[in-house]
Amino acid sequence: MKPVRFSHVSVDTIEEAVMILADPQRDARVIAGGQSLMPMLNFRLASPSLLVDLNGIGDLAGISRQETGLRIGAMTRTRDIELSPVVAEHQPLLAAAVPYIAHVPIRNRGTIGGSLSHADPAAEFPALALALDATLTLHGPRAVRQVPAAAFFQGVFETALQPGEILTRIDFPLWPADRRFAFQEYSRRRGDFAIVGVAFWADVRDGLCEACRVVAFGVSDRPVRLSQVEDVLIGRVPGDPEALASAADVMRGSLEPDNDLQASADYRCMLAGELLQRAVRSATEAA
Amino acid sequence: MTGTDKTLIGRSMPRIEDDRLLDGAGCFVDDIVMPGMVHMAILRSSDAHGRIVSIDCSAARLVPGVIDVFTAADWPGELPVIPMRLIPLKSSEPFLQRPLASEKVRYVGEPVAVVIARDRRTAEDALEYLELEIDALEPVVTRDQAESAAGDALLVAEAKSNVSAHYLIGRGDIEDAFARAEVTLKKSFQSHRQTASPLETRGMIADFDRAAGRLTIHGASKVTFFNRIHLARAFDLDTDNVDLIATDVGGGFGVRGELYPEYYLAAEASRRTGRPVKWIEDRREHFTATNHSRDVDCDLEVAALRDGTILGMRGRVRADMGAYVRTNGNVVPAKAAQFLPGPYRVPAFACEVLALMTNKTPVGTYRGPGRIEANFFRERMLDMLADELAMDPATLRLKNLIGEAEMPFDTGDLLPNAQKVVFDSGDYPATFKLLLDECGWQPGAAEPSCERLPDGRRVAIGLACFNESSGGGLYENARIRVAPSGEITVSTGSSSMGQGVETAMCQICAAALSVPPERITVALSSTTLLSDGVGSFHNRSTVMAGSAVGKAARTLLDIARAEAARRLNTAPEGLDYDNGVFSDRDQPDRGIRLAELAAMLSDAGGLDVESRYEQAPLGFSFGAHAARVAVDPGTGDVEVLDYWVVEDVGRVLNPALVEGQTVGGVVQGLGDALFGELVYDDQGQLLTASFADYLLPTSTEVPNIRAVATGDYPSPHNPYGFKGAGEGGIVAVAAAVGNAIARAIGPGCEGPCQTPFHPERIIALLSAAKGKET
Amino acid sequence: MSEPQNLRLNVNGVSCAVSVEPSTSLADVLRQELRLTALHLGCEHGVCGACNVLMDGRAVRACLTLAVQAENADVRTLEGLGDDRIVAVLKQTFREFRALQCGFCTPGILVLAVDLLSGSDAPSEEEVRDVLSGNLCRCTGYQPIIAAIMEAARRLRGVA
């Protein structure tokens with residue numbers, strides 16, 4: 001299980017990286033933390049000619065508070081997000097979910113930008129970006145553009161990234177201090193990719209759900225926001241059993257997952273409904 | 001028995017392996033580099049079944065760094081046939097494997113061509129340039145397909161069927177038992193395909209010296225002497241000129257060290273190139289190249305009286321053998337059938353056994369071969385019978401377990417090679433009661449079943465009993481040498497696969513020679529160390545090699561005593577011996593040390609004794625497991641909360657080593673019962689060829705385990721009274737967890753009849769139970 | 001394009017020059033070029049953890065890191081942690097609790113435990129299990145490893 005021979009260039013600036021990537025002659029691929037790419041290389045499922053290594057670009061990593069919310073550089077290690085008091089305070093749903101990602105040595109090296117760009121439909125970061133209305137900044141050869149998470153994920157391992165573009169940072173909007181949230185995931189073992197996961201938050205006014213967000217992953221070719229389910233919950237007492245039951249019904253009915261090695265489509269739908277109820281209950285009980 | 005013997009046997013002596021392993025200074029085969037060494041990679045079939053039309057190696061030969069490429073057509077003379085080591089059956093012979101596929105490929109992963117290159121990566125590069133054309137045939141992937149196969153679906157046309165073995169075993173009058181039955185129950189069970197996945201993959205360095213006619217293979221283990229004989233035959237060498245050298249190995253569990261095709265391929269690669277050739281299996285090829293196991297189904301029927309007395313059992317066992325019968329493949333169906341009656345009386349028993357060939361990786365033994373399957377089938381059946389009789393499952397078991405007064409217990413002829421099997425000793429109900437005490441189960445009282453946790457999960461305990469053979473393999477050799485420096489070296493034909501066999505041999509040798517363990521060096525299983533030996537499998541190392549060490553020590557002390565008497569000018573019986581010193585009983589200041597005697601005898605070869613220990617019958621341990629599990633009705637998740645094992649392992653040599661074997665075995669069993677499943681699609685493609693898809697248990701999925709080893713019933717068949725302890729931890733896990741799940745789901749639920757206990761299957765059982773309730 | 005590259009690596013406190021193809025993993029360079037064979041390759045896809053090394057104090061998979069990516073980093077393998085107090089105590093408790101059998105996974109687990117115990121001096125059993133779940137062991141059933149790490153933490157805190 002040795003990879004094909006490829007070249008490697010460590011770049012100092014994003015411009016340099018973009019320039020190399022944009023050249024179709026060079027058959028280049030970006031490597032960030034490498035925790036998804038390296039296994040693919042070792043299995044020879046990927047065989048690029050050149051790896052453009054972003055690890056040397058110092059200003060791509062970091063977590064900072066902005067007036068508009070929280071900014072995380074694409075090369076920020078998952079473990080740093082997990083251990084960050086700033087993330088814990090200002091994006092508690094993100095903080096709650098990060099420990100579900102793989103294992104410590106993988107989190108020590110893996111990056112948020114790498115995970116988002118890889119776009120595994122069963123991964124946590126893409127679902128969180130969607131649930132938290134993150135904005136992704138993409139650097140291309142000609143322009144820098146901002147893409148909302150909702151438009152970024154386009155299929156299994158497919159994103160809005162154009163040839164030559166690199167994800168450089170992720171901006172999360174402000175998180176209201178009294179927002180309630182929960183993250184639920186079922187996997188066979190600790191740290192595995194989810195069979196199904198649900199990210200949930202709700203703003204509750206006078207006991208009623210004013211706004212909420214339901215995102216499921218592991219149920220489609222990308223993370224999915226379930227606005228039909230949100231509609232059932234809005235205006236209701238969030239933990240109300242009847243509301244919950246009908247939200248779960250809508251959830252189960254609106255998903256069309258595939259059968260695969262891990263689980264059948266029916267099981268995934270059932271699980272999504274169950275995890276939704278657990279998430280809503282846990283979010284509302286916690287308050 | 002000397003003073004040291006009393007204090008050493010039964011003591012948790014620290015492991016002598018630990019220092020080097022904790023420093024990272026162990027020597028595993030991939031750590032070895034030899035001068036001029038080159039690397040081998042194997043082109044493996046990516047088709048499950050097909051005729052080889054052509055193999056074009058010309059492009060691969062041109063890859064810079066490639067030294068040689070060969071296929072079956074290049075083999076000098078006939079391709080050797082890889083023999084059966086255990087339970088050789090005539091009917092299996094057409095299905096034996098050769099090192100390389102020649103006319104047909106029969107499973108994904110079958111070796112087709114070999115590349116030798118300056119490094120592993122170059123060899124892998126060259127594999128991509130080999131052009132293999134295969135005319136695909138319909139693959140056989142299920143037992144049903146195998147049983148009815150004809151025409152192109154035959155793996156070996158000349159064999160005229162895909163059944164490699166078909167036989168009946170039994171005892172007592174089965175028709176009468178079912179005629180007298182007040183209750184009968186019939187169920188179908190299935191045990192899934194698994195593999196041991198030792199953390200170190202297989203590997204070797206073959207060094208063929210053509211001029212000297214010598215072959216040396218480093219990285220060997222398990223059954224070095226058997227492998228040596230057959231490799232010598234295949235390459236037309238004197239057996240003495242073939243040496244297999246043991247290294248540290250990263251776990252065996254049955255799959256490592258058997259005579260696999262790669263032994264022949266590495267040897268041939270070295271012969272052709274005249275250089276040492278290293279082959280380290282990578283994890284992806286491990287999943288298709290190393291033996292699979294289990295994959296047995298069974299229709300089982302039980303006949304009983306209303307009071308719970310079991311009158312008889314009859315069954316039909318079908319094993320999916322994969323594409324070839326490997327060295328120990330026949331063990332799987334044979335033991336799955338033999339152990340069906342288990343530790344219970346079962347006066348009448350009949351079983352039909354079928355070994356079926358499919359286009360999958362061949363099976364062989366994996367820790368507890370056949371037992372896991374038989375125990376799962378039978379113990380699930382007993383819980384269902386208990387429900388049918390409205391009886392407490394513990395009471396039902398106590399009623400039928402074999403008691404001390406019935407020992408020795410003749411099981412009848414339950415093996416295809418008609419080997420007689422007798423349970424030697426034990427009081428099964430008494431040992432089972434110890435388990436019930438441990439887990440707080442009161443037989444006959446209202447069951448402690450199915451509590452509900454605050455999170456809605458249902459909790460229950462499941463029980464399972466087993467007994468387990470140990471020893472076997474006819475004999476084992478041990479050699480003890482005393483150097484004039486006083487250093488003592490002990491060697492056995494049994495090897496260590498990481499279980500602590502070195503420590504065990506050191507401990508027995510130190511006890512037998514009455515010297516401190518620090519003076520003893522252990523070197524195991526390399527063919528250069530002894531004239532002959534057998535190996536490590538079937539719970540045998542401590543039993544067989546340990547007894548051989550004891551025997552060699554006694555012989556060595558006899559020789560030393562005679563020489564000491566001569567030197568001290570006294571009668572041998574006038575000498576006392578302790579702590580390596582013979583002294584004159586009448587003049588205790590006159591003494592002579594073993595080391596001195598070794599020096600004095602150096603002209604006569606020193607103090608150097610090799611002994612063979614031969615054991616006639618097997619010893620049988622008995623044990624019982626209890627699992628407390630929580631079943632999540634919302635997800636189907638099964639969490640094992642507590643686990644208990646009580647096992648009578650005969651006399652306990654080293655309690656900490658035994659506990660380590662038991663706890664490790666339980667966790668391996670939990671992983672197999674809950675997670676690890678080798679899945680094939682209908683084209684015979686293995687879908688689970690990585691650790692991302694073949695799931696092993698990790699520290700977050702397993703509970704703390706309480707393991708109790710009783711030394712209550714020593715085996716009468718070996719001088720120390722040992723019984724094996726390597727498999728008792730794993731063999732009843734699927735059974736106990738399956739029973740716990742059934743009780744957690746509750747009445748109206750038939751409970752799981754197949755492994756693994758995937759959450760989706762649990763959900764199906766839960767909804768079936770719900771359906772019945774309403 | 002994939003000519004060998006000259007790298008300067010800082011391994012176990014020693015600066016060393018190696019010439020490797022850029023597609024070579026850190027694990028292969030450490031094992032084959034520098035003959036640091038304590039770390040083992042159990043899967044080469046990042047699951048088993050037998051190849052864990054410390055990079056700038058954190059445990060990472062050497063099979064999922066390219067050697068060229070380790071330039072400028074402080075790389076420590078088990079061999080280079082001989083003087084580390086945490087490792088010394090861990091080795092002692094691993095011995096006492098029988099936390100190894102075949103020993104193939106052990107170096108990777110010790111390295112992981114160093115990462116854990118350098119960041120947390122009183123981890124709960126749950127935390128230890130959680131961190132350890134990133135490494136596979138086929139022999140011990142994890143129970144003695146967890147006990148050994150917990151006991152090492154106690155000793156390092158100075159609790160008798």
# chains A, B, ... in the order shown; residues from 1 in each chain; ligands from 1
$ residues_around --residues "Gln228 (chain A)" --least-positions-apart "5" --cutoff "12 Å" --atoms "only C-alpha atoms" --output "PyMOL selection string"
chain A and resi 212-215+233-234+246-255
$ closest_atom_pairs --of "chain B" --to "chain A" --cutoff "8 Å" --atoms "only C-alpha atoms" --output "JSON lines"
{"residue": "B:Arg120", "atom": "CA", "partner": "A:Lys2", "partner_atom": "CA", "distance": 7.5}
{"residue": "B:Arg121", "atom": "CA", "partner": "A:Lys2", "partner_atom": "CA", "distance": 5.4}
{"residue": "B:Glu124", "atom": "CA", "partner": "A:Lys2", "partner_atom": "CA", "distance": 7.3}
{"residue": "B:Asp125", "atom": "CA", "partner": "A:Val4", "partner_atom": "CA", "distance": 7.1}
{"residue": "B:Asp282", "atom": "CA", "partner": "A:Met1", "partner_atom": "CA", "distance": 6.0}
{"residue": "B:Arg283", "atom": "CA", "partner": "A:Met1", "partner_atom": "CA", "distance": 7.8}
{"residue": "B:Arg284", "atom": "CA", "partner": "A:Met1", "partner_atom": "CA", "distance": 7.6}
{"residue": "B:Gly634", "atom": "CA", "partner": "A:Glu274", "partner_atom": "CA", "distance": 6.1}
{"residue": "B:Thr635", "atom": "CA", "partner": "A:Leu271", "partner_atom": "CA", "distance": 6.1}
{"residue": "B:Phe675", "atom": "CA", "partner": "A:Arg188", "partner_atom": "CA", "distance": 7.7}
{"residue": "B:Leu687", "atom": "CA", "partner": "A:Leu261", "partner_atom": "CA", "distance": 7.8}
{"residue": "B:Pro697", "atom": "CA", "partner": "A:Arg189", "partner_atom": "CA", "distance": 7.7}
{"residue": "B:Thr698", "atom": "CA", "partner": "A:Arg189", "partner_atom": "CA", "distance": 7.6}
{"residue": "B:Thr700", "atom": "CA", "partner": "A:Arg190", "partner_atom": "CA", "distance": 6.4}
{"residue": "B:Glu701", "atom": "CA", "partner": "A:Arg189", "partner_atom": "CA", "distance": 6.6}
{"residue": "B:Glu760", "atom": "CA", "partner": "A:Tyr267", "partner_atom": "CA", "distance": 6.4}
$ interface_residues --of "chain C" --to "chain B" --cutoff "8 Å" --atoms "only C-alpha atoms" --output "PyMOL selection string"
chain C and resi 31+37-39+41-44+47-48+78-79+91+95-96+98+100-107+129-130+132-143
$ closest_atom_pairs --of "chain C" --to "chain A" --cutoff "10 Å" --atoms "only C-alpha atoms" --output "JSON lines"
{"residue": "C:Met1", "atom": "CA", "partner": "A:Ser7", "partner_atom": "CA", "distance": 5.8}
{"residue": "C:Ser2", "atom": "CA", "partner": "A:Ser7", "partner_atom": "CA", "distance": 4.7}
{"residue": "C:Glu3", "atom": "CA", "partner": "A:Ser7", "partner_atom": "CA", "distance": 7.7}
{"residue": "C:Pro4", "atom": "CA", "partner": "A:Ser7", "partner_atom": "CA", "distance": 9.3}
{"residue": "C:Gln5", "atom": "CA", "partner": "A:Ser7", "partner_atom": "CA", "distance": 9.4}
{"residue": "C:Glu21", "atom": "CA", "partner": "A:Arg5", "partner_atom": "CA", "distance": 7.7}
{"residue": "C:Pro22", "atom": "CA", "partner": "A:Ser7", "partner_atom": "CA", "distance": 5.7}
{"residue": "C:Ser23", "atom": "CA", "partner": "A:Phe6", "partner_atom": "CA", "distance": 5.6}
{"residue": "C:Thr24", "atom": "CA", "partner": "A:Pro3", "partner_atom": "CA", "distance": 8.0}
{"residue": "C:Ser25", "atom": "CA", "partner": "A:Lys2", "partner_atom": "CA", "distance": 8.7}
{"residue": "C:Asp28", "atom": "CA", "partner": "A:Lys2", "partner_atom": "CA", "distance": 9.6}
{"residue": "C:Cys43", "atom": "CA", "partner": "A:Met1", "partner_atom": "CA", "distance": 8.8}
{"residue": "C:Glu44", "atom": "CA", "partner": "A:Asn42", "partner_atom": "CA", "distance": 6.9}
{"residue": "C:His45", "atom": "CA", "partner": "A:Pro39", "partner_atom": "CA", "distance": 4.6}
{"residue": "C:Gly46", "atom": "CA", "partner": "A:Pro39", "partner_atom": "CA", "distance": 6.9}
{"residue": "C:Val47", "atom": "CA", "partner": "A:Ile106", "partner_atom": "CA", "distance": 9.1}
{"residue": "C:Gly49", "atom": "CA", "partner": "A:Pro105", "partner_atom": "CA", "distance": 8.2}
{"residue": "C:Asn52", "atom": "CA", "partner": "A:Pro105", "partner_atom": "CA", "distance": 7.7}
{"residue": "C:Val53", "atom": "CA", "partner": "A:Pro105", "partner_atom": "CA", "distance": 9.3}
{"residue": "C:Leu54", "atom": "CA", "partner": "A:Pro105", "partner_atom": "CA", "distance": 9.4}
{"residue": "C:Met55", "atom": "CA", "partner": "A:Asn108", "partner_atom": "CA", "distance": 9.3}
{"residue": "C:Arg58", "atom": "CA", "partner": "A:Asn108", "partner_atom": "CA", "distance": 6.6}
{"residue": "C:Ala59", "atom": "CA", "partner": "A:Pro105", "partner_atom": "CA", "distance": 5.2}
{"residue": "C:Val60", "atom": "CA", "partner": "A:Pro105", "partner_atom": "CA", "distance": 4.6}
{"residue": "C:Arg61", "atom": "CA", "partner": "A:Pro105", "partner_atom": "CA", "distance": 6.4}
{"residue": "C:Ala62", "atom": "CA", "partner": "A:Pro105", "partner_atom": "CA", "distance": 10.0}
{"residue": "C:Cys63", "atom": "CA", "partner": "A:Met38", "partner_atom": "CA", "distance": 8.0}
{"residue": "C:Leu64", "atom": "CA", "partner": "A:Met38", "partner_atom": "CA", "distance": 5.2}
{"residue": "C:Thr65", "atom": "CA", "partner": "A:Gly34", "partner_atom": "CA", "distance": 7.0}
{"residue": "C:Leu66", "atom": "CA", "partner": "A:Met38", "partner_atom": "CA", "distance": 8.5}
{"residue": "C:Val68", "atom": "CA", "partner": "A:His8", "partner_atom": "CA", "distance": 8.0}
{"residue": "C:Gln69", "atom": "CA", "partner": "A:Asn55", "partner_atom": "CA", "distance": 7.7}
{"residue": "C:Asn72", "atom": "CA", "partner": "A:Gly56", "partner_atom": "CA", "distance": 9.9}
{"residue": "C:Leu112", "atom": "CA", "partner": "A:Pro105", "partner_atom": "CA", "distance": 7.7}
{"residue": "C:Asp115", "atom": "CA", "partner": "A:Pro105", "partner_atom": "CA", "distance": 9.1}
{"residue": "C:Leu116", "atom": "CA", "partner": "A:Val104", "partner_atom": "CA", "distance": 9.1}
{"residue": "C:Asp130", "atom": "CA", "partner": "A:Arg190", "partner_atom": "CA", "distance": 7.9}
{"residue": "C:Val131", "atom": "CA", "partner": "A:Val104", "partner_atom": "CA", "distance": 6.1}
{"residue": "C:Leu132", "atom": "CA", "partner": "A:His103", "partner_atom": "CA", "distance": 8.5}
{"residue": "C:Ser133", "atom": "CA", "partner": "A:His103", "partner_atom": "CA", "distance": 7.0}
{"residue": "C:Gly134", "atom": "CA", "partner": "A:His103", "partner_atom": "CA", "distance": 4.9}
{"residue": "C:Asn135", "atom": "CA", "partner": "A:His103", "partner_atom": "CA", "distance": 8.7}
$ select_by_dssp --residues "region 499-672 of chain B" --states "strand (DSSP E)" --output "PDB file with C-alpha atoms, in the first residue's frame"
ATOM      1  CA  ILE B 520      16.822 -18.481  31.913  1.00  0.00           C
ATOM      2  CA  THR B 521      16.757 -17.371  28.295  1.00  0.00           C
ATOM      3  CA  VAL B 522      13.871 -18.481  26.125  1.00  0.00           C
ATOM      4  CA  LEU B 575      22.864 -35.738  46.853  1.00  0.00           C
ATOM      5  CA  ASP B 576      20.483 -32.896  47.612  1.00  0.00           C
ATOM      6  CA  TYR B 577      19.578 -30.476  44.877  1.00  0.00           C
ATOM      7  CA  ASP B 578      18.351 -26.919  45.159  1.00  0.00           C
ATOM      8  CA  VAL B 581      23.486 -26.765  43.237  1.00  0.00           C
ATOM      9  CA  PHE B 582      23.973 -30.464  44.082  1.00  0.00           C
ATOM     10  CA  SER B 583      25.308 -30.953  47.572  1.00  0.00           C
ATOM     11  CA  ASP B 584      26.378 -33.958  49.574  1.00  0.00           C
ATOM     12  CA  GLY B 591      28.634 -29.059  46.442  1.00  0.00           C
ATOM     13  CA  ILE B 592      28.760 -28.576  42.729  1.00  0.00           C
ATOM     14  CA  ARG B 593      26.811 -26.144  40.545  1.00  0.00           C
ATOM     15  CA  LEU B 607      24.350 -30.226  29.686  1.00  0.00           C
ATOM     16  CA  ASP B 608      22.053 -30.195  26.713  1.00  0.00           C
ATOM     17  CA  VAL B 609      18.852 -32.216  26.684  1.00  0.00           C
ATOM     18  CA  GLU B 610      16.053 -32.428  24.168  1.00  0.00           C
ATOM     19  CA  SER B 611      12.936 -34.290  25.252  1.00  0.00           C
ATOM     20  CA  ARG B 612       9.689 -35.152  23.623  1.00  0.00           C
ATOM     21  CA  TYR B 613       6.444 -35.097  25.556  1.00  0.00           C
ATOM     22  CA  GLU B 614       3.623 -37.190  24.168  1.00  0.00           C
ATOM     23  CA  GLY B 619      -7.786 -32.148  28.410  1.00  0.00           C
ATOM     24  CA  PHE B 620     -11.090 -30.286  28.567  1.00  0.00           C
ATOM     25  CA  SER B 621     -11.656 -26.992  30.325  1.00  0.00           C
ATOM     26  CA  PHE B 622     -15.177 -25.891  31.191  1.00  0.00           C
ATOM     27  CA  GLY B 623     -16.446 -22.377  31.585  1.00  0.00           C
ATOM     28  CA  ALA B 624     -19.427 -20.096  31.508  1.00  0.00           C
ATOM     29  CA  HIS B 625     -20.026 -16.528  30.397  1.00  0.00           C
ATOM     30  CA  ALA B 626     -22.588 -13.940  31.410  1.00  0.00           C
ATOM     31  CA  ALA B 627     -23.215 -10.711  29.529  1.00  0.00           C
ATOM     32  CA  ARG B 628     -25.342  -7.801  30.713  1.00  0.00           C
ATOM     33  CA  VAL B 629     -26.404  -5.749  27.744  1.00  0.00           C
ATOM     34  CA  ALA B 630     -28.473  -2.659  27.075  1.00  0.00           C
ATOM     35  CA  VAL B 631     -30.574  -2.620  23.925  1.00  0.00           C
ATOM     36  CA  VAL B 638     -26.414  -3.011  21.705  1.00  0.00           C
ATOM     37  CA  GLU B 639     -24.078  -1.945  24.475  1.00  0.00           C
ATOM     38  CA  VAL B 640     -22.434  -4.577  26.624  1.00  0.00           C
ATOM     39  CA  LEU B 641     -22.452  -3.134  30.151  1.00  0.00           C
ATOM     40  CA  ASP B 642     -20.874  -5.951  32.164  1.00  0.00           C
ATOM     41  CA  TYR B 643     -19.215  -9.227  31.394  1.00  0.00           C
ATOM     42  CA  TRP B 644     -18.272 -12.195  33.540  1.00  0.00           C
ATOM     43  CA  VAL B 645     -16.278 -15.330  32.745  1.00  0.00           C
ATOM     44  CA  VAL B 646     -15.633 -18.241  35.063  1.00  0.00           C
ATOM     45  CA  GLU B 647     -13.439 -21.016  33.692  1.00  0.00           C
ATOM     46  CA  ASP B 648     -11.875 -24.122  35.104  1.00  0.00           C
TER      47      ASP B 648
END
$ atom_distance --atom1 "CA of Glu256 (chain A)" --atom2 "CA of Val679 (chain B)"
24.0 Å
$ residues_around --residues "Asp206 (chain A)" --least-positions-apart "5" --cutoff "12 Å" --atoms "only C-alpha atoms" --output "list in words"
Gly235, Arg236, Val237 and Pro238 of chain A
$ select_by_dssp --residues "region 44-120 of chain A" --states "alpha helix (DSSP H)" --output "number ranges by chain"
A: 78-83, 85-90, 92-97, 104-109, 112-118
$ write_last_selection --atoms "N, CA and C atoms" --output "compact mmCIF listing (two decimals), in the first residue's frame"
# COMPACT_ATOMS: atom_id res chain seq x y z
N THR A 78 -8.53 20.34 13.55
CA THR A 78 -9.77 19.98 14.24
C THR A 78 -9.58 20.00 15.76
N ARG A 79 -8.43 19.52 16.19
CA ARG A 79 -8.15 19.47 17.63
C ARG A 79 -8.10 20.88 18.22
N ASP A 80 -7.61 21.85 17.46
CA ASP A 80 -7.57 23.22 17.98
C ASP A 80 -8.97 23.80 18.10
N ILE A 81 -9.85 23.41 17.20
CA ILE A 81 -11.24 23.87 17.31
C ILE A 81 -11.88 23.23 18.55
N GLU A 82 -11.60 21.96 18.74
CA GLU A 82 -12.14 21.23 19.89
C GLU A 82 -11.72 21.85 21.21
N LEU A 83 -10.47 22.27 21.29
CA LEU A 83 -9.92 22.76 22.55
C LEU A 83 -10.09 24.27 22.72
N PRO A 85 -11.46 27.73 23.69
CA PRO A 85 -12.49 28.33 24.54
C PRO A 85 -13.36 29.31 23.75
N VAL A 86 -12.77 29.94 22.73
CA VAL A 86 -13.54 30.89 21.92
C VAL A 86 -14.65 30.16 21.17
N VAL A 87 -14.32 29.00 20.61
CA VAL A 87 -15.34 28.22 19.91
C VAL A 87 -16.40 27.75 20.90
N ALA A 88 -15.95 27.28 22.05
CA ALA A 88 -16.90 26.79 23.05
C ALA A 88 -17.88 27.89 23.44
N GLU A 89 -17.39 29.12 23.53
CA GLU A 89 -18.27 30.21 23.97
C GLU A 89 -19.15 30.71 22.83
N HIS A 90 -18.57 30.81 21.64
CA HIS A 90 -19.30 31.51 20.59
C HIS A 90 -19.93 30.60 19.53
N PRO A 92 -21.20 27.06 20.39
CA PRO A 92 -21.26 25.86 21.24
C PRO A 92 -21.73 24.61 20.50
N LEU A 93 -22.54 24.75 19.47
CA LEU A 93 -22.96 23.55 18.73
C LEU A 93 -21.77 22.93 18.00
N LEU A 94 -20.94 23.79 17.42
CA LEU A 94 -19.73 23.33 16.76
C LEU A 94 -18.83 22.62 17.77
N ALA A 95 -18.68 23.25 18.94
CA ALA A 95 -17.82 22.68 19.97
C ALA A 95 -18.35 21.32 20.43
N ALA A 96 -19.67 21.21 20.52
CA ALA A 96 -20.26 19.96 20.99
C ALA A 96 -20.07 18.84 19.99
N ALA A 97 -19.99 19.19 18.72
CA ALA A 97 -19.95 18.16 17.68
C ALA A 97 -18.55 17.69 17.34
N VAL A 104 -8.39 11.35 18.36
CA VAL A 104 -7.47 12.44 18.69
C VAL A 104 -6.32 12.59 17.68
N PRO A 105 -5.59 11.50 17.36
CA PRO A 105 -4.46 11.71 16.44
C PRO A 105 -4.91 12.21 15.06
N ILE A 106 -6.10 11.83 14.64
CA ILE A 106 -6.63 12.32 13.36
C ILE A 106 -7.02 13.79 13.52
N ARG A 107 -7.64 14.11 14.65
CA ARG A 107 -8.04 15.51 14.88
C ARG A 107 -6.81 16.41 15.06
N ASN A 108 -5.72 15.83 15.55
CA ASN A 108 -4.49 16.60 15.72
C ASN A 108 -3.96 17.12 14.38
N ARG A 109 -4.27 16.44 13.33
CA ARG A 109 -3.67 16.76 12.03
C ARG A 109 -4.72 17.24 11.02
N ILE A 112 -10.33 21.72 9.31
CA ILE A 112 -11.73 21.98 8.97
C ILE A 112 -11.88 22.22 7.47
N GLY A 113 -10.93 22.92 6.89
CA GLY A 113 -11.02 23.22 5.46
C GLY A 113 -10.88 21.95 4.63
N GLY A 114 -10.00 21.08 5.07
CA GLY A 114 -9.81 19.82 4.35
C GLY A 114 -11.08 19.00 4.38
N SER A 115 -11.70 18.92 5.54
CA SER A 115 -12.92 18.12 5.66
C SER A 115 -14.04 18.70 4.82
N LEU A 116 -14.20 20.03 4.85
CA LEU A 116 -15.27 20.65 4.07
C LEU A 116 -15.03 20.44 2.57
N SER A 117 -13.78 20.59 2.13
CA SER A 117 -13.48 20.45 0.71
C SER A 117 -13.63 19.01 0.24
N HIS A 118 -13.35 18.07 1.16
CA HIS A 118 -13.48 16.64 0.82
C HIS A 118 -14.96 16.28 0.65
$ atom_distance --atom1 "CA of Asp119 (chain B)" --atom2 "CA of Leu132 (chain B)"
22.6 Å
